[in-house]
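Enquirer: Here's a structure for you.
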Amino acid sequence: MADLNILVTGAAGYIGGSVIAALLSENTQFPTKNLFAAVRTEEQVQSLQSLGVKALQLDLLNEQKVAEAVLQNEIDIVVHTAGSIDARLAAHLILALGKRREATGKDTYHIHSSVTTGYSKEGGWPYGTIKDGDPVYKMEKELNDGFPIRTTNTAVTELAKEQGVTNFIVGVPFVYGTGSGKWKKLSQNIPATVKASITLKAVYKFDQDSKFVAVHISDLAEFYVLMIKKILQGEKLPSGEEGYYFAVAHEVGWWDIAQSLAGALSARGLVTEPQARIWPSDDMAAEALDLPRQFVRLMHTARVTIDYNKRYPLGWEPKWDDQQKLLASMGEEVAATLQHDKGRTTLFDVLKTTN
Ligand SMILES: NC(=O)c1ccc[n+]([C@@H]2O[C@H](COP(=O)([O-])OP(=O)(O)OC[C@H]3O[C@@H](n4cnc5c(N)ncnc54)[C@H](OP(=O)(O)O)[C@@H]3O)[C@@H](O)[C@H]2O)c1
């Protein structure tokens, strides 16, 4: 396998932290000397550094610092998990990888973490069902509807092509489970609902059910590891405009999750009844869940149209491949939220600065 340096951004986050942990668990293939973690605070640097990886305190909005970090540390592969909405973060990384490629003549790789929620009628997706291998870039480009995730996907794909950087878009579905990262161990949706339910003493759901595609965090981390292994082995994976991959392990509906959660919280005396109620208004949901008003309904009612049909990409073999396992794990979700909560997510802050 090639001896390439890997930088994981968002390494103090839920997904990035779990990717670092998964890479470290195979340290014969991924020695710590090759692993770099980009984080935002000094406290996070100390925490990640204790794993033996080199932790870099880096605001990805700072283009010059990103370029220095990539060039000085001779980064070949970036796994970007610090933001799917703000295209500037990925752009700075890709420009830096472009400079490194130009300086060394060696290939560089950018793995961009995206979101699958928008591939739904509710998310403005008019094309119906898609699957791995479909011309998703072309569809997003043609649609050109200003949906932030799609705009970022196409901008990232185009900039990478211009810079000669090999780019992959990983469509990340609804993620659940306790992360194995050193810093943040919780996802967004279920923990936000657990916290709101405890405050309101009731579980609420929207008046419309969803059809999500989903993945357990351990399986998602393994997907990234698999992709990196294939890069190190020199496999020529479809990339760029053909490089969209959906890390989807199974489907699930939000009403089933809400119902299982109501049972788990009620059994612990944390809500007053074992049934979910309907949110009286989207405003109340947005405030209670601390999620952006314009996306809160979509995030809970999207009927996502990705046909995974158990033909998993890259030979990936997710272990949590059935919604029953997720629904049966709601007690663990509650316990993890009570144990590991680190406050509100910063993921949507960019929407406040761009709207
Ligand atoms: N979790 C899910 O269910 C899910 C589903 C689909 C897609 N995704 C996408 O996957 C990505 C990662 O999600 P996640 O759940 O791991 O989020 P997360 O836990 O909030 O992690 C994101 C990390 O990125 C860091 N970050 C944000 N802006 C940065 C900047 N300008 N410079 C440096 N670091 C920055 C954050 O730093 P701080 O610690 O300082 O906030 C945080 O540690 C997101 O783009 C998300 O939209 C997540």
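Scheme for the structure tokens: letters A, B, ... for chains in order shown; per-chain residue numbers from 1; ligand numbers from 1 in order shown.
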Quick one: residues within 8 Å of ligand 1, with only C-alpha atoms and all ligand atoms, as a ChimeraX atom specification?

Expert: /A:9-17,38-41,44,57-62,80-85,89,113-117,171-176,184-189,345-347

Enquirer: Can you pull out every residue within 8 Å of Asp219 (chain A), counting only C-alpha atoms, but drop anything in the same chain fewer than 6 positions away, and send it as a list in words?

Expert: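 Near Asp219 (chain A), the qualifying residues are Glu317, Pro318, Lys319 and Trp320 of chain A.
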
Enquirer: Just write the chosen residues, N, CA and C atoms, as a compact mmCIF listing (two decimals), in the first residue's frame.

Expert:
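To be explicit, this is the file written out as result.txt:
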```txt
# COMPACT_ATOMS: atom_id res chain seq x y z
N GLU A 317 -19.67 -3.76 3.78
CA GLU A 317 -20.61 -4.69 4.42
C GLU A 317 -21.09 -4.15 5.76
N PRO A 318 -22.06 -3.23 5.73
CA PRO A 318 -22.53 -2.67 7.00
C PRO A 318 -23.14 -3.74 7.90
N LYS A 319 -22.85 -3.67 9.19
CA LYS A 319 -23.37 -4.68 10.14
C LYS A 319 -24.78 -4.30 10.60
N TRP A 320 -25.04 -3.01 10.72
CA TRP A 320 -26.38 -2.54 11.12
C TRP A 320 -27.17 -2.34 9.83
```

Enquirer: I'd like the neighbourhood of Val213 (chain A) as a PyMOL selection string, where a residue qualifies if any of its atoms comes within 8 Å (using only C-alpha atoms), though same-chain residues fewer than 3 positions away should be ignored.

Expert: chain A and resi 116+173-174+248-252+304+306

Enquirer: Rank A:Asp282, A:Leu23, A:Asn5, A:His340 by their smallest atom-to-atom distance to Gln294 (chain A), using only C-alpha atoms, and report the top residue only.

Expert: A:Asp282

Enquirer: Mind pulling up the distance from CA of Pro191 (chain A) to CA of Asp290 (chain A)?

Expert: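 Between CA of Asp290 (chain A) and CA of Pro191 (chain A) the gap works out to 11.2 Å.
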
Enquirer: Go through A:Thr152, A:Gln49, A:Thr305, A:Ser218 one by one, measure the shortest atom-to-atom distance of each to Trp125 (chain A) using only C-alpha atoms, and give the residue with the smallest value.

Expert: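 Of the candidates, the smallest distance to Trp125 (chain A) is held by A:Thr305.
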
Enquirer: Using only C-alpha atoms, which of A:Asp132, A:Glu42, A:Glu333, A:Asp322 sits nearest Ile190 (chain A)?

Expert: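 Of A:Asp132, A:Glu42, A:Glu333, A:Asp322, the one nearest Ile190 (chain A), counting only C-alpha atoms, is A:Glu333.
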
Enquirer: I'd like the contact shell of region 135-139 of chain A - 8 Å cut-off, only C-alpha atoms, skipping same-chain residues fewer than 3 positions apart - returned as a VMD selection string.

Expert: chain A and resid 127 130 142 to 143 153 to 154 241 to 242 244

Enquirer: Just write the chosen residues, all heavy atoms, as a PDB file, in the first residue's frame.

Expert:
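Okay, this is what ended up in part-v4.pdb:
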```
ATOM      1  N   TYR A 127     -36.329  14.257  -9.632  1.00  0.00           N
ATOM      2  CA  TYR A 127     -35.960  13.146 -10.527  1.00  0.00           C
ATOM      3  C   TYR A 127     -36.376  11.764 -10.023  1.00  0.00           C
ATOM      4  O   TYR A 127     -36.120  10.773 -10.681  1.00  0.00           O
ATOM      5  CB  TYR A 127     -34.447  13.132 -10.755  1.00  0.00           C
ATOM      6  CG  TYR A 127     -33.930  14.412 -11.386  1.00  0.00           C
ATOM      7  CD1 TYR A 127     -33.155  15.297 -10.654  1.00  0.00           C
ATOM      8  CD2 TYR A 127     -34.229  14.731 -12.716  1.00  0.00           C
ATOM      9  CE1 TYR A 127     -32.679  16.466 -11.228  1.00  0.00           C
ATOM     10  CE2 TYR A 127     -33.763  15.897 -13.291  1.00  0.00           C
ATOM     11  CZ  TYR A 127     -32.983  16.760 -12.539  1.00  0.00           C
ATOM     12  OH  TYR A 127     -32.524  17.919 -13.100  1.00  0.00           O
ATOM     13  N   ILE A 130     -32.806   7.529  -7.192  1.00  0.00           N
ATOM     14  CA  ILE A 130     -31.437   7.455  -7.726  1.00  0.00           C
ATOM     15  C   ILE A 130     -30.689   6.351  -7.001  1.00  0.00           C
ATOM     16  O   ILE A 130     -31.093   5.914  -5.923  1.00  0.00           O
ATOM     17  CB  ILE A 130     -30.671   8.782  -7.556  1.00  0.00           C
ATOM     18  CG1 ILE A 130     -30.792   9.293  -6.112  1.00  0.00           C
ATOM     19  CG2 ILE A 130     -31.155   9.819  -8.546  1.00  0.00           C
ATOM     20  CD1 ILE A 130     -29.841  10.415  -5.785  1.00  0.00           C
ATOM     21  N   GLU A 142     -28.042  20.378 -13.542  1.00  0.00           N
ATOM     22  CA  GLU A 142     -29.188  20.764 -14.361  1.00  0.00           C
ATOM     23  C   GLU A 142     -30.277  21.409 -13.490  1.00  0.00           C
ATOM     24  O   GLU A 142     -30.889  22.397 -13.866  1.00  0.00           O
ATOM     25  CB  GLU A 142     -29.738  19.516 -15.059  1.00  0.00           C
ATOM     26  CG  GLU A 142     -30.975  19.743 -15.899  1.00  0.00           C
ATOM     27  CD  GLU A 142     -31.523  18.420 -16.411  1.00  0.00           C
ATOM     28  OE1 GLU A 142     -30.906  17.831 -17.320  1.00  0.00           O
ATOM     29  OE2 GLU A 142     -32.553  17.962 -15.881  1.00  0.00           O
ATOM     30  N   LEU A 143     -30.476  20.850 -12.303  1.00  0.00           N
ATOM     31  CA  LEU A 143     -31.529  21.350 -11.414  1.00  0.00           C
ATOM     32  C   LEU A 143     -31.206  22.769 -10.940  1.00  0.00           C
ATOM     33  O   LEU A 143     -32.071  23.647 -10.963  1.00  0.00           O
ATOM     34  CB  LEU A 143     -31.671  20.394 -10.225  1.00  0.00           C
ATOM     35  CG  LEU A 143     -32.794  20.675  -9.226  1.00  0.00           C
ATOM     36  CD1 LEU A 143     -34.127  20.746  -9.930  1.00  0.00           C
ATOM     37  CD2 LEU A 143     -32.827  19.569  -8.159  1.00  0.00           C
ATOM     38  N   ASN A 153     -22.063  20.477  -3.456  1.00  0.00           N
ATOM     39  CA  ASN A 153     -21.599  19.264  -4.164  1.00  0.00           C
ATOM     40  C   ASN A 153     -21.042  19.602  -5.546  1.00  0.00           C
ATOM     41  O   ASN A 153     -19.967  19.140  -5.934  1.00  0.00           O
ATOM     42  CB  ASN A 153     -22.750  18.273  -4.370  1.00  0.00           C
ATOM     43  CG  ASN A 153     -23.155  17.548  -3.109  1.00  0.00           C
ATOM     44  OD1 ASN A 153     -22.466  17.623  -2.091  1.00  0.00           O
ATOM     45  ND2 ASN A 153     -24.268  16.847  -3.166  1.00  0.00           N
ATOM     46  N   THR A 154     -21.812  20.403  -6.306  1.00  0.00           N
ATOM     47  CA  THR A 154     -21.381  20.677  -7.686  1.00  0.00           C
ATOM     48  C   THR A 154     -20.160  21.597  -7.692  1.00  0.00           C
ATOM     49  O   THR A 154     -19.234  21.401  -8.479  1.00  0.00           O
ATOM     50  CB  THR A 154     -22.524  21.273  -8.535  1.00  0.00           C
ATOM     51  OG1 THR A 154     -23.075  22.400  -7.855  1.00  0.00           O
ATOM     52  CG2 THR A 154     -23.622  20.273  -8.802  1.00  0.00           C
ATOM     53  N   GLU A 241     -17.162  13.811 -11.533  1.00  0.00           N
ATOM     54  CA  GLU A 241     -18.590  13.822 -11.881  1.00  0.00           C
ATOM     55  C   GLU A 241     -19.226  12.437 -11.708  1.00  0.00           C
ATOM     56  O   GLU A 241     -20.439  12.312 -11.567  1.00  0.00           O
ATOM     57  CB  GLU A 241     -18.783  14.335 -13.321  1.00  0.00           C
ATOM     58  CG  GLU A 241     -18.378  15.794 -13.439  1.00  0.00           C
ATOM     59  CD  GLU A 241     -18.533  16.358 -14.841  1.00  0.00           C
ATOM     60  OE1 GLU A 241     -19.144  15.702 -15.697  1.00  0.00           O
ATOM     61  OE2 GLU A 241     -18.025  17.474 -15.069  1.00  0.00           O
ATOM     62  N   GLU A 242     -18.414  11.393 -11.759  1.00  0.00           N
ATOM     63  CA  GLU A 242     -18.943  10.020 -11.556  1.00  0.00           C
ATOM     64  C   GLU A 242     -18.704   9.540 -10.124  1.00  0.00           C
ATOM     65  O   GLU A 242     -18.961   8.371  -9.810  1.00  0.00           O
ATOM     66  CB  GLU A 242     -18.254   9.027 -12.508  1.00  0.00           C
ATOM     67  CG  GLU A 242     -18.792   9.029 -13.924  1.00  0.00           C
ATOM     68  CD  GLU A 242     -18.241  10.209 -14.717  1.00  0.00           C
ATOM     69  OE1 GLU A 242     -17.019  10.421 -14.648  1.00  0.00           O
ATOM     70  OE2 GLU A 242     -19.023  10.928 -15.368  1.00  0.00           O
ATOM     71  N   TYR A 244     -19.963   9.962  -7.016  1.00  0.00           N
ATOM     72  CA  TYR A 244     -20.936  10.069  -5.917  1.00  0.00           C
ATOM     73  C   TYR A 244     -21.185   8.676  -5.343  1.00  0.00           C
ATOM     74  O   TYR A 244     -21.517   7.743  -6.085  1.00  0.00           O
ATOM     75  CB  TYR A 244     -22.265  10.640  -6.418  1.00  0.00           C
ATOM     76  CG  TYR A 244     -22.305  12.144  -6.609  1.00  0.00           C
ATOM     77  CD1 TYR A 244     -21.401  12.806  -7.427  1.00  0.00           C
ATOM     78  CD2 TYR A 244     -23.284  12.908  -5.976  1.00  0.00           C
ATOM     79  CE1 TYR A 244     -21.464  14.180  -7.617  1.00  0.00           C
ATOM     80  CE2 TYR A 244     -23.355  14.287  -6.158  1.00  0.00           C
ATOM     81  CZ  TYR A 244     -22.442  14.915  -6.985  1.00  0.00           C
ATOM     82  OH  TYR A 244     -22.508  16.278  -7.168  1.00  0.00           O
TER      83      TYR A 244
END
```

Enquirer: Enumerate, as a ChimeraX atom specification, the complete set of residues in region 16-111 of chain A that a backbone-based DSSP assignment places in alpha helix (DSSP H).

Expert: /A:16-24,42-49,63-72,87-104

Enquirer: Rank A:Met299, A:Arg268, A:Asn144, A:Trp183 by their smallest atom-to-atom distance to Val45 (chain A), using only C-alpha atoms, and report the top residue only.

Expert: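 Among the listed residues, A:Trp183 lies closest to Val45 (chain A).
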
Enquirer: Write out as a ChimeraX atom specification all residues of region 191-245 of chain A that backbone DSSP assigns to strand (DSSP E or B).

Expert: /A:204-205,211-216,244-245

Enquirer: Would you export the selected residues with N, CA and C atoms as a tab-separated table (two decimals), in the first residue's frame, please?

Expert:
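Ended up saving to again10.tsv:
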```tsv
chain	number	residue	atom	x	y	z
A	204	TYR	N	-42.35	14.44	20.59
A	204	TYR	CA	-43.17	15.00	19.51
A	204	TYR	C	-42.64	14.52	18.17
A	205	LYS	N	-43.55	14.42	17.19
A	205	LYS	CA	-43.18	14.08	15.82
A	205	LYS	C	-43.96	15.02	14.90
A	211	LYS	N	-39.34	8.83	5.09
A	211	LYS	CA	-38.66	7.58	4.72
A	211	LYS	C	-37.18	7.95	4.59
A	212	PHE	N	-36.47	7.68	5.66
A	212	PHE	CA	-35.04	8.00	5.67
A	212	PHE	C	-34.23	6.84	5.15
A	213	VAL	N	-33.03	7.16	4.66
A	213	VAL	CA	-32.01	6.14	4.53
A	213	VAL	C	-31.06	6.39	5.70
A	214	ALA	N	-30.44	5.33	6.20
A	214	ALA	CA	-29.74	5.47	7.48
A	214	ALA	C	-28.46	4.62	7.52
A	215	VAL	N	-27.60	4.97	8.49
A	215	VAL	CA	-26.38	4.19	8.69
A	215	VAL	C	-25.93	4.34	10.14
A	216	HIS	N	-25.42	3.25	10.71
A	216	HIS	CA	-24.83	3.33	12.05
A	216	HIS	C	-23.43	3.94	11.91
A	244	TYR	N	-19.96	9.96	-7.02
A	244	TYR	CA	-20.94	10.07	-5.92
A	244	TYR	C	-21.18	8.68	-5.34
A	245	TYR	N	-21.06	8.54	-4.01
A	245	TYR	CA	-21.26	7.26	-3.33
A	245	TYR	C	-22.27	7.46	-2.21
```

Enquirer: Under the rule that only C-alpha atoms are counted, which of A:Ala267, A:Ala258, A:Ile20, A:Ala302 is the nearest residue to Ala55 (chain A)?

Expert: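 Closest candidate: A:Ile20.
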
Enquirer: Please provide the set of residues having any atom within 7 Å of Thr272 (chain A), restricted to only C-alpha atoms, with same-chain residues fewer than 6 positions apart removed, written as a list in words.

Expert: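 Non-adjacent residues within range: Lys201, Ala202 and Ser266 of chain A.
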
Enquirer: I need the residues from that last selection saved to file as an mmCIF file, in the first residue's frame (with all heavy atoms), if you can.

Expert:
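Ended up saving to again-v6.cif:
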```cif
data_model
loop_
_atom_site.group_PDB
_atom_site.id
_atom_site.type_symbol
_atom_site.label_atom_id
_atom_site.label_comp_id
_atom_site.auth_asym_id
_atom_site.auth_seq_id
_atom_site.Cartn_x
_atom_site.Cartn_y
_atom_site.Cartn_z
ATOM 1 N N LYS A 201 -41.205 16.915 28.461
ATOM 2 C CA LYS A 201 -41.831 15.741 29.099
ATOM 3 C C LYS A 201 -42.728 14.958 28.131
ATOM 4 O O LYS A 201 -43.674 14.272 28.532
ATOM 5 C CB LYS A 201 -42.640 16.145 30.342
ATOM 6 C CG LYS A 201 -41.835 16.885 31.400
ATOM 7 C CD LYS A 201 -41.977 16.183 32.737
ATOM 8 C CE LYS A 201 -41.119 16.746 33.845
ATOM 9 N NZ LYS A 201 -39.744 17.035 33.499
ATOM 10 N N ALA A 202 -42.466 15.092 26.847
ATOM 11 C CA ALA A 202 -43.223 14.343 25.829
ATOM 12 C C ALA A 202 -42.388 14.254 24.556
ATOM 13 O O ALA A 202 -41.615 15.167 24.261
ATOM 14 C CB ALA A 202 -44.541 15.041 25.521
ATOM 15 N N SER A 266 -40.239 6.837 28.304
ATOM 16 C CA SER A 266 -41.319 6.624 29.270
ATOM 17 C C SER A 266 -40.906 5.561 30.293
ATOM 18 O O SER A 266 -41.156 5.700 31.499
ATOM 19 C CB SER A 266 -42.565 6.208 28.491
ATOM 20 O OG SER A 266 -43.481 5.601 29.307
#
```

Enquirer: Compile the contact shell of Gly253 (chain A) as an NGL selection string: residues with an atom at most 7 Å away, counting only C-alpha atoms, same-chain residues fewer than 2 positions apart removed.

Expert: :A and (209-212 or 255-257)

Enquirer: Residues within 9 Å of Thr108 (chain A), please, as a list in words. Count only C-alpha atoms; anything in the same chain fewer than 5 positions from it doesn't count.

Expert: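 Contacts, with the query itself left out: Ile75, Asp76, Ile77, Val78, Leu97, Gly98, Arg100, Arg101, Gly164, Val165, Thr166 and Asn167 of chain A.
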
Enquirer: How many Å lie between CA of Trp254 (chain A) and CA of Gln323 (chain A), rounded to one decimal?

Expert: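 Here the two named atoms are 11.0 Å from each other.
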